[in-house]
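The data block below is query.cif; it holds mmCIF, C-alpha atoms.
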```cif
data_final
loop_
_atom_site.label_atom_id
_atom_site.label_comp_id
_atom_site.auth_asym_id
_atom_site.auth_seq_id
_atom_site.Cartn_x
_atom_site.Cartn_y
_atom_site.Cartn_z
CA MET A 11 10.63 91.83 -5.66
CA ALA A 12 10.55 88.99 -8.19
CA HIS A 13 14.32 88.55 -7.81
CA VAL A 14 13.87 87.89 -4.08
CA VAL A 15 11.29 85.17 -4.72
CA GLU A 16 13.54 83.61 -7.37
CA GLN A 17 16.39 83.49 -4.87
CA VAL A 18 14.12 81.77 -2.36
CA ARG A 19 13.04 79.25 -5.04
CA ALA A 20 16.66 78.43 -5.83
CA LEU A 21 17.51 77.93 -2.16
CA VAL A 22 14.53 75.64 -1.65
CA GLU A 23 15.44 73.59 -4.72
CA THR A 24 19.09 73.16 -3.75
CA ARG A 25 19.06 73.11 0.05
CA TYR A 26 15.71 71.86 1.35
CA LEU A 27 16.05 68.44 2.97
CA TYR A 28 13.18 66.78 1.06
CA PRO A 29 13.74 67.13 -2.72
CA ASP A 30 10.23 66.04 -3.72
CA ILE A 31 8.63 68.61 -1.43
CA ALA A 32 11.18 71.20 -2.57
CA ALA A 33 10.03 70.74 -6.17
CA THR A 34 6.39 71.25 -5.17
CA VAL A 35 7.17 74.33 -3.08
CA SER A 36 9.18 75.78 -5.97
CA ARG A 37 6.18 75.37 -8.27
CA VAL A 38 3.92 77.12 -5.76
CA LEU A 39 6.31 80.09 -5.68
CA ALA A 40 6.52 80.16 -9.47
CA GLU A 41 2.71 80.23 -9.64
CA GLY A 42 2.65 83.05 -7.12
CA LEU A 43 5.00 85.09 -9.30
CA ALA A 44 2.99 84.37 -12.43
CA GLU A 45 -0.25 85.36 -10.72
CA GLY A 46 1.27 88.54 -9.25
CA ARG A 47 0.22 87.74 -5.71
CA TYR A 48 3.41 88.95 -4.01
CA PRO A 49 3.33 92.57 -2.75
CA ALA A 50 6.26 94.93 -3.14
CA ASP A 51 6.78 96.03 0.49
CA GLU A 52 9.12 93.78 2.44
CA PRO A 53 6.95 92.88 5.50
CA SER A 54 3.96 91.94 3.34
CA LEU A 55 6.16 90.05 0.91
CA ALA A 56 7.71 88.06 3.76
CA ALA A 57 4.26 87.09 5.07
CA ALA A 58 2.94 86.10 1.62
CA VAL A 59 6.00 84.05 0.66
CA THR A 60 6.09 82.34 4.05
CA ALA A 61 2.45 81.31 3.65
CA ASP A 62 3.28 79.70 0.29
CA LEU A 63 6.47 78.08 1.59
CA GLN A 64 4.51 76.42 4.40
CA SER A 65 1.46 75.54 2.28
CA VAL A 66 2.79 72.16 1.15
CA ASN A 67 3.87 70.44 4.37
CA ALA A 68 3.47 73.13 7.08
CA ASP A 69 7.21 73.23 7.83
CA GLN A 70 7.45 76.11 10.32
CA HIS A 71 11.20 76.44 9.83
CA LEU A 72 10.69 77.21 6.12
CA ARG A 73 10.19 80.98 6.10
CA LEU A 74 11.01 84.34 4.60
CA LEU A 75 11.76 86.59 7.55
CA TYR A 76 11.58 90.38 7.55
CA HIS A 77 14.16 92.25 9.65
CA ALA A 78 13.54 95.91 10.45
CA ASP A 79 17.29 96.46 10.82
CA ALA A 80 19.41 95.77 7.75
CA LEU A 81 21.08 92.37 7.76
CA PRO A 82 24.88 92.41 7.97
CA GLN A 83 26.68 91.58 4.76
CA ARG A 84 28.05 88.05 4.89
CA THR A 85 30.65 86.32 2.82
CA PRO A 86 29.57 82.73 2.03
CA GLY A 87 31.11 80.41 4.61
CA ASP A 88 31.94 83.28 7.00
CA ASP A 89 29.69 83.11 10.06
CA ALA A 90 31.67 85.58 12.20
CA GLU A 91 29.11 88.40 11.97
CA GLU A 92 26.20 86.05 12.66
CA TYR A 93 28.05 84.69 15.69
CA ALA A 94 28.75 88.23 16.90
CA ALA A 95 25.06 89.11 16.57
CA MET A 96 24.14 85.99 18.52
CA ALA A 97 26.64 86.94 21.23
CA ARG A 98 25.08 90.40 21.53
CA TRP A 99 21.62 88.86 21.84
CA ALA A 100 22.88 86.45 24.50
CA ASP A 101 24.41 89.33 26.47
CA GLN A 102 21.08 91.14 26.43
CA THR A 103 19.17 88.10 27.73
CA CYS A 104 21.54 86.69 30.40
CA GLY A 105 22.58 83.90 28.08
CA GLY A 106 19.06 82.55 27.89
CA VAL A 107 18.71 82.08 31.65
CA ALA A 108 15.75 84.27 32.56
CA CYS A 109 15.49 83.02 36.14
CA VAL A 110 17.25 80.55 38.43
CA ARG A 111 16.10 80.24 42.03
CA ARG A 112 15.35 77.98 44.95
CA LEU A 113 11.65 77.73 45.77
CA ALA A 114 10.33 76.86 49.24
CA GLY A 115 10.66 73.13 49.87
CA ASN A 116 14.10 73.03 48.20
CA VAL A 117 12.65 72.87 44.70
CA GLY A 118 14.84 74.36 41.97
CA TYR A 119 13.38 76.53 39.22
CA LEU A 120 15.10 77.29 35.91
CA ASP A 121 13.44 79.50 33.27
CA LEU A 122 15.14 79.23 29.87
CA GLN A 123 14.21 81.84 27.25
CA PRO A 124 14.16 83.21 24.59
CA VAL A 125 16.35 80.44 23.09
CA LEU A 126 18.96 77.89 24.07
CA PHE A 127 22.06 79.75 22.94
CA PRO A 128 25.08 77.84 21.57
CA ALA A 129 26.93 75.91 24.24
CA ALA A 130 30.23 77.37 23.06
CA LEU A 131 28.82 80.84 23.74
CA CYS A 132 26.81 80.39 26.96
CA GLY A 133 28.07 77.17 28.49
CA GLN A 134 29.54 78.98 31.49
CA ILE A 135 26.17 80.57 32.27
CA ILE A 136 24.41 77.21 32.19
CA THR A 137 27.17 75.73 34.34
CA ALA A 138 26.64 78.45 36.94
CA ALA A 139 22.86 77.95 36.92
CA MET A 140 23.04 74.16 37.17
CA SER A 141 25.69 74.32 39.89
CA LEU A 142 23.38 76.53 41.96
CA LEU A 143 20.52 74.07 41.48
CA ALA A 144 22.52 70.89 42.04
CA ALA A 145 21.64 70.63 45.74
CA THR A 146 17.88 71.08 45.30
CA ASP A 147 15.69 67.99 45.75
CA ALA A 148 13.49 68.48 42.68
CA LEU A 149 13.76 70.69 39.61
CA ILE A 150 11.31 72.58 37.39
CA ILE A 151 12.60 73.63 33.95
CA ASP A 152 10.38 76.25 32.36
CA LEU A 153 10.38 76.12 28.54
CA ARG A 154 7.03 77.84 28.01
CA HIS A 155 8.74 80.79 26.31
CA CYS A 156 11.67 78.95 24.71
CA LEU A 157 11.55 79.54 20.95
CA GLY A 158 14.50 77.51 19.70
CA GLY A 159 18.12 76.72 20.24
CA GLU A 160 21.23 74.78 19.40
CA PRO A 161 21.21 70.95 19.63
CA ALA A 162 24.60 70.99 21.37
CA MET A 163 23.11 73.06 24.19
CA THR A 164 20.38 70.46 24.62
CA ALA A 165 23.01 67.77 25.07
CA PHE A 166 24.97 70.00 27.46
CA LEU A 167 21.91 70.70 29.61
CA ILE A 168 20.75 67.09 29.75
CA SER A 169 24.25 66.03 30.81
CA TYR A 170 23.68 67.93 34.07
CA LEU A 171 20.49 65.90 34.62
CA TRP A 172 22.27 62.61 33.97
CA ASP A 173 25.26 60.78 35.42
CA HIS A 174 28.57 59.79 33.86
CA GLU A 175 27.39 56.91 31.65
CA PRO A 176 26.47 58.06 28.13
CA ALA A 177 22.88 58.31 26.89
CA GLN A 178 22.06 58.79 23.23
CA LEU A 179 19.92 61.80 22.34
CA THR A 180 18.18 63.10 19.22
CA GLY A 181 20.56 63.40 16.26
CA LEU A 182 20.30 65.01 12.82
CA ARG A 183 19.88 63.47 9.37
CA GLU A 184 20.74 65.79 6.51
CA GLY A 185 18.76 65.56 3.27
CA GLN A 186 18.11 62.07 1.97
CA ASP A 187 21.24 60.65 3.58
CA ASN A 188 20.31 57.85 5.98
CA GLN A 189 23.37 58.58 8.10
CA VAL A 190 22.45 60.27 11.35
CA LYS A 191 24.85 62.58 13.14
CA GLN A 192 24.52 61.19 16.66
CA ALA A 193 24.30 63.18 19.88
CA TRP A 194 25.15 61.89 23.37
CA THR A 195 25.29 63.18 26.91
CA LEU A 196 28.75 64.21 28.07
CA PRO A 197 30.85 62.11 30.45
CA TYR A 198 32.17 65.28 32.07
CA VAL A 199 30.63 68.70 32.62
CA PRO A 200 32.11 71.58 34.62
CA GLY A 201 30.49 72.49 37.90
CA ARG A 202 28.05 70.21 39.74
CA ARG A 203 25.46 67.86 38.27
CA PHE A 204 21.88 67.66 39.43
CA GLY A 205 22.14 63.96 38.54
CA LYS A 206 19.65 61.45 37.19
CA ALA A 207 17.94 60.32 40.40
CA LYS A 208 15.94 63.36 41.53
CA PRO A 209 12.60 64.35 39.92
CA VAL A 210 12.51 66.84 37.04
CA TYR A 211 9.45 68.58 35.62
CA VAL A 212 9.45 70.41 32.28
CA LEU A 213 6.88 73.13 31.49
CA THR A 214 5.69 73.62 27.91
CA SER A 215 3.22 75.81 26.04
CA ALA A 216 1.84 76.17 22.54
CA THR A 217 4.67 78.69 22.05
CA THR A 218 7.51 76.28 22.86
CA PHE A 219 9.37 75.61 19.61
CA SER A 220 12.33 73.91 17.96
CA GLY A 221 15.24 73.69 20.46
CA GLY A 222 12.85 74.04 23.39
CA GLU A 223 10.88 71.13 21.96
CA GLN A 224 14.00 69.03 21.53
CA LEU A 225 14.95 69.46 25.18
CA SER A 226 11.40 68.53 26.23
CA TYR A 227 11.24 65.56 23.85
CA ASP A 228 14.65 64.11 24.74
CA LEU A 229 14.05 64.33 28.48
CA GLN A 230 10.64 62.72 27.99
CA GLN A 231 11.96 59.89 25.82
CA LEU A 232 14.81 59.24 28.27
CA GLY A 233 12.22 58.90 31.02
CA ARG A 234 14.11 61.64 32.81
CA ALA A 235 11.36 64.25 33.17
CA THR A 236 7.62 64.68 33.36
CA VAL A 237 6.37 67.18 30.78
CA ILE A 238 3.53 69.42 31.99
CA GLY A 239 1.58 72.01 30.03
CA GLU A 240 0.41 72.36 26.45
CA ARG A 241 1.30 70.55 23.24
CA THR A 242 4.22 72.39 21.62
CA ARG A 243 4.32 73.98 18.14
CA GLY A 244 5.91 71.11 16.22
CA GLY A 245 9.18 72.21 14.58
CA ALA A 246 11.83 69.47 14.49
CA HIS A 247 14.00 70.51 11.55
CA ALA A 248 17.39 72.18 11.70
CA ARG A 249 17.55 75.27 9.52
CA GLU A 250 20.02 77.67 7.96
CA GLY A 251 19.44 81.34 7.21
CA PHE A 252 20.30 82.99 3.88
CA PRO A 253 20.06 86.77 3.28
CA VAL A 254 18.20 87.43 0.01
CA HIS A 255 17.69 91.19 0.46
CA PRO A 256 19.02 93.77 2.94
CA HIS A 257 15.92 93.20 5.12
CA LEU A 258 14.85 89.68 4.16
CA GLU A 259 16.25 86.30 5.21
CA ALA A 260 15.17 82.92 3.86
CA THR A 261 15.35 80.11 6.42
CA ILE A 262 15.63 76.65 4.87
CA SER A 263 15.26 73.32 6.66
CA VAL A 264 18.44 71.35 5.97
CA ALA A 265 18.25 68.43 8.41
CA ALA A 266 15.66 66.32 10.23
CA ALA A 267 15.76 65.34 13.90
CA VAL A 268 15.90 61.60 14.61
CA ASN A 269 15.41 60.24 18.11
CA PRO A 270 17.13 56.88 18.79
CA LYS A 271 14.17 55.53 20.76
CA THR A 272 11.26 56.55 18.54
CA GLY A 273 13.06 56.74 15.20
CA GLY A 274 11.11 59.95 14.59
CA ASN A 275 10.59 63.39 16.05
CA TRP A 276 7.98 66.04 16.90
CA GLU A 277 7.71 67.67 13.46
CA GLY A 278 4.14 68.76 12.81
CA THR A 279 2.79 67.07 15.93
CA GLY A 280 4.55 68.88 18.75
CA VAL A 281 5.61 67.32 22.04
CA GLU A 282 2.66 65.72 23.83
CA PRO A 283 2.73 66.55 27.56
CA ASP A 284 2.57 63.77 30.12
CA ILE A 285 0.20 65.95 32.13
CA HIS A 286 -2.01 68.39 30.24
CA SER A 287 -2.47 71.82 31.76
CA SER A 288 -2.94 75.35 30.53
CA ALA A 289 0.36 77.17 30.21
CA ASP A 290 -0.69 79.53 33.00
CA GLN A 291 -1.33 76.66 35.42
CA ALA A 292 1.62 74.48 34.47
CA ARG A 293 4.07 75.91 37.00
CA ASP A 294 1.68 75.50 39.96
CA THR A 295 0.90 71.94 38.86
CA ALA A 296 4.59 71.06 38.63
CA TYR A 297 5.44 72.78 41.91
CA LYS A 298 2.74 70.86 43.76
CA LEU A 299 4.03 67.54 42.40
CA ALA A 300 7.63 68.49 43.19
CA LEU A 301 6.70 69.36 46.79
CA GLN A 302 4.96 66.01 47.12
CA ASP A 303 8.14 64.31 45.87
CA VAL A 304 10.36 66.15 48.34
CA SER A 305 7.95 65.48 51.20
CA ALA A 306 7.75 61.77 50.37
CA ALA A 307 11.53 61.45 50.15
CA GLY A 308 11.77 62.37 53.81
CA GLY A 309 15.02 64.32 53.64
CA ALA A 310 16.10 67.50 55.37
CA ALA A 311 13.68 69.61 53.33
CA ALA A 312 10.62 67.38 53.86
CA ALA A 313 9.08 69.49 56.60
CA GLU A 314 9.61 72.68 54.62
CA ALA A 315 8.06 71.00 51.56
CA ARG A 316 4.98 69.95 53.55
CA GLY A 317 4.54 73.51 54.79
CA ALA A 318 4.93 74.95 51.29
CA LEU A 319 2.47 72.39 49.92
CA ALA A 320 -0.09 73.26 52.59
CA ALA A 321 0.31 76.97 51.77
CA LEU A 322 -0.03 76.27 48.05
CA GLN A 323 -3.18 74.24 48.55
CA ALA A 324 -4.63 76.93 50.79
CA GLY A 325 -3.90 79.51 48.14
CA THR A 326 -1.53 81.54 50.31
CA ALA A 327 1.81 80.61 48.69
#
```
Could you rewrite the structure in this file as structure tokens?
Amino acid sequence: MAHVVEQVRALVETRYLYPDIAATVSRVLAEGLAEGRYPADEPSLAAAVTADLQSVNADQHLRLLYHADALPQRTPGDDAEEYAAMARWADQTCGGVACVRRLAGNVGYLDLQPVLFPAALCGQIITAAMSLLAATDALIIDLRHCLGGEPAMTAFLISYLWDHEPAQLTGLREGQDNQVKQAWTLPYVPGRRFGKAKPVYVLTSATTFSGGEQLSYDLQQLGRATVIGERTRGGAHAREGFPVHPHLEATISVAAAVNPKTGGNWEGTGVEPDIHSSADQARDTAYKLALQDVSAAGGAAAAEARGALAALQAGTA
């Protein structure tokens, strides 16, 4: 399997966004080859190489992934098969919308997992979900099991939680180039907006990663949502995947997230919740706060919210 490791070294050297770290990682892999510490079977090789790839700066997007099913053959620059595979995955997971419902007290609940699929692929599904939730008086977005996603979908989702005026979101800086590819909320989205005035709570866990973290971080930095739960995993880089064997894929970080407010991101640190809670308790905590919000607002659902809050506090909800 030495040829696989050499391919990974070459990709790190030519594509990794930090050249100085790339050189160090390449040396670690070369030492691993010289010392014979890489096993021959693919799953064990993937684990050993990933450990060395992440040993320098703990970049969780820098990996050698094992796939039980053979990877489709790809022509460089042709992403059609990868897109088709993503579409099949989206079809099997309702486009990443695991649950959308109205809870007692007119509180909306949206569970997004396993990833935030590309907006071009699943935008209609998100539009349908957000249109259903638009009339609720508070919203809980559950990202506890969200493992990644596309930045464009983050912008699309946040646009439903905003109004027509633009707000700048986290962009991407590739390599050592100081130019940041900016991202903004959209002036128009199909369907109905939830808007920027009503309360939003975001649930996180130690499993929440990458695209799920970006959605949490951007909403937090905009002051648009209260994040409740656990500190997230801490992966803020954009990555590309490169097949290096029929069952092995190298993922290389090619761009860094840059938030316009902080000038940084959540790489290595994770997103710090506004309210700390175990992942298991996060939904109840958010629901209680949302019911208090709806009750205090005094609208048509206030009485229902007070009843639901009383039941929740009594342990009967």
Checklist entry - Do you have the atom CA of Gly205 of chain A-atom CA of Gly133 of chain A distance handy? => result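 One can read the atom CA of Gly205 of chain A to atom CA of Gly133 of chain A distance as 17.6 Å.
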Next on the checklist: If the PyMOL selection byres ((chain A and resi 14-26) around 8) were run on this exact file, what residues would it hold? Put them as a PyMOL selection string.
Outcome noted: chain A and resi 11-13+27-29+32-33+35-36+39-40+43+59+185+254-255+260+262-264
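Distances to Tyr76 of chain A were evaluated for A:Glu52, A:Glu92, A:Glu223, A:Glu282 using only C-alpha atoms, and the minimum falls at A:Glu52.
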Item to check | Exercise: Gly221 of chain A partners within 8 Å, only C-alpha atoms, chain neighbours under 2 positions left out, as a list in words | outcome: Val125, Leu126, Cys156, Leu157, Gly158, Gly159, Glu160, Pro161, Thr164, Phe219, Glu223, Gln224 and Leu225 of chain A
May I have the residues from that selection written out with C-alpha atoms, as a CSV table (one decimal), keeping the file's coordinate frame?
```
chain,number,residue,atom,x,y,z
A,125,VAL,CA,16.4,80.4,23.1
A,126,LEU,CA,19.0,77.9,24.1
A,156,CYS,CA,11.7,79.0,24.7
A,157,LEU,CA,11.6,79.5,21.0
A,158,GLY,CA,14.5,77.5,19.7
A,159,GLY,CA,18.1,76.7,20.2
A,160,GLU,CA,21.2,74.8,19.4
A,161,PRO,CA,21.2,71.0,19.6
A,164,THR,CA,20.4,70.5,24.6
A,219,PHE,CA,9.4,75.6,19.6
A,223,GLU,CA,10.9,71.1,22.0
A,224,GLN,CA,14.0,69.0,21.5
A,225,LEU,CA,15.0,69.5,25.2
```
Item to check | Point-to-point distance from atom CA of Gly251 of chain A to atom CA of Ser220 of chain A, Å rounded to tenths | outcome: 14.9 Å
Please complete segment 174-185 of chain A with all heavy atoms and give it back as a CSV table (one decimal), in the frame of the given file.
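Output below, filename out_8.csv:
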```csv
chain,number,residue,atom,x,y,z
A,174,HIS,N,27.4,59.9,34.7
A,174,HIS,CA,28.6,59.8,33.9
A,174,HIS,C,28.4,58.9,32.7
A,174,HIS,O,29.0,59.1,31.6
A,174,HIS,CB,29.8,59.4,34.7
A,174,HIS,CG,30.1,60.3,35.8
A,174,HIS,ND1,30.6,61.5,35.6
A,174,HIS,CD2,29.9,60.1,37.2
A,174,HIS,CE1,30.8,62.1,36.8
A,174,HIS,NE2,30.3,61.3,37.7
A,175,GLU,N,27.5,57.8,32.8
A,175,GLU,CA,27.4,56.9,31.6
A,175,GLU,C,26.7,57.6,30.5
A,175,GLU,O,25.8,58.4,30.7
A,175,GLU,CB,26.6,55.7,32.1
A,175,GLU,CG,25.1,55.8,32.3
A,175,GLU,CD,24.7,56.4,33.6
A,175,GLU,OE1,25.6,56.9,34.3
A,175,GLU,OE2,23.5,56.4,33.9
A,176,PRO,N,27.0,57.3,29.3
A,176,PRO,CA,26.5,58.1,28.1
A,176,PRO,C,25.0,57.6,27.8
A,176,PRO,O,24.7,56.5,28.0
A,176,PRO,CB,27.4,57.7,27.0
A,176,PRO,CG,28.0,56.4,27.3
A,176,PRO,CD,28.1,56.4,28.8
A,177,ALA,N,24.2,58.6,27.4
A,177,ALA,CA,22.9,58.3,26.9
A,177,ALA,C,22.7,59.0,25.5
A,177,ALA,O,23.1,60.1,25.4
A,177,ALA,CB,21.8,58.9,27.9
A,178,GLN,N,22.2,58.2,24.6
A,178,GLN,CA,22.1,58.8,23.2
A,178,GLN,C,20.8,59.7,23.2
A,178,GLN,O,19.7,59.3,23.7
A,178,GLN,CB,22.0,57.7,22.2
A,178,GLN,CG,22.1,58.2,20.7
A,178,GLN,CD,22.1,57.1,19.7
A,178,GLN,OE1,22.1,55.9,20.1
A,178,GLN,NE2,22.2,57.4,18.5
A,179,LEU,N,21.0,60.8,22.5
A,179,LEU,CA,19.9,61.8,22.3
A,179,LEU,C,19.5,61.9,20.9
A,179,LEU,O,20.0,61.2,20.0
A,179,LEU,CB,20.4,63.1,22.9
A,179,LEU,CG,21.0,63.1,24.3
A,179,LEU,CD1,21.6,64.5,24.7
A,179,LEU,CD2,19.9,62.7,25.3
A,180,THR,N,18.6,62.8,20.6
A,180,THR,CA,18.2,63.1,19.2
A,180,THR,C,19.3,63.6,18.4
A,180,THR,O,20.0,64.5,18.8
A,180,THR,CB,17.0,64.1,19.2
A,180,THR,OG1,15.9,63.5,19.9
A,180,THR,CG2,16.7,64.5,17.8
A,181,GLY,N,19.5,63.0,17.2
A,181,GLY,CA,20.6,63.4,16.3
A,181,GLY,C,19.9,64.0,15.0
A,181,GLY,O,18.7,64.3,15.0
A,182,LEU,N,20.8,64.3,14.0
A,182,LEU,CA,20.3,65.0,12.8
A,182,LEU,C,20.6,64.2,11.6
A,182,LEU,O,21.8,63.7,11.4
A,182,LEU,CB,20.9,66.4,12.7
A,182,LEU,CG,20.5,67.4,13.7
A,182,LEU,CD1,21.3,68.7,13.6
A,182,LEU,CD2,19.0,67.8,13.5
A,183,ARG,N,19.7,64.1,10.7
A,183,ARG,CA,19.9,63.5,9.4
A,183,ARG,C,19.7,64.5,8.3
A,183,ARG,O,18.7,65.2,8.2
A,183,ARG,CB,18.9,62.3,9.1
A,183,ARG,CG,19.1,61.6,7.8
A,183,ARG,CD,18.1,60.5,7.5
A,183,ARG,NE,16.7,61.0,7.5
A,183,ARG,CZ,15.7,60.5,8.2
A,183,ARG,NH1,15.9,59.6,9.1
A,183,ARG,NH2,14.5,61.1,8.1
A,184,GLU,N,20.8,64.7,7.5
A,184,GLU,CA,20.7,65.8,6.5
A,184,GLU,C,20.2,65.2,5.2
A,184,GLU,O,20.7,64.2,4.7
A,184,GLU,CB,22.1,66.4,6.3
A,184,GLU,CG,22.7,67.1,7.6
A,184,GLU,CD,24.0,67.8,7.3
A,184,GLU,OE1,24.5,67.6,6.2
A,184,GLU,OE2,24.5,68.4,8.3
A,185,GLY,N,19.3,65.9,4.6
A,185,GLY,CA,18.8,65.6,3.3
A,185,GLY,C,18.3,64.1,3.2
A,185,GLY,O,17.6,63.6,4.2
```
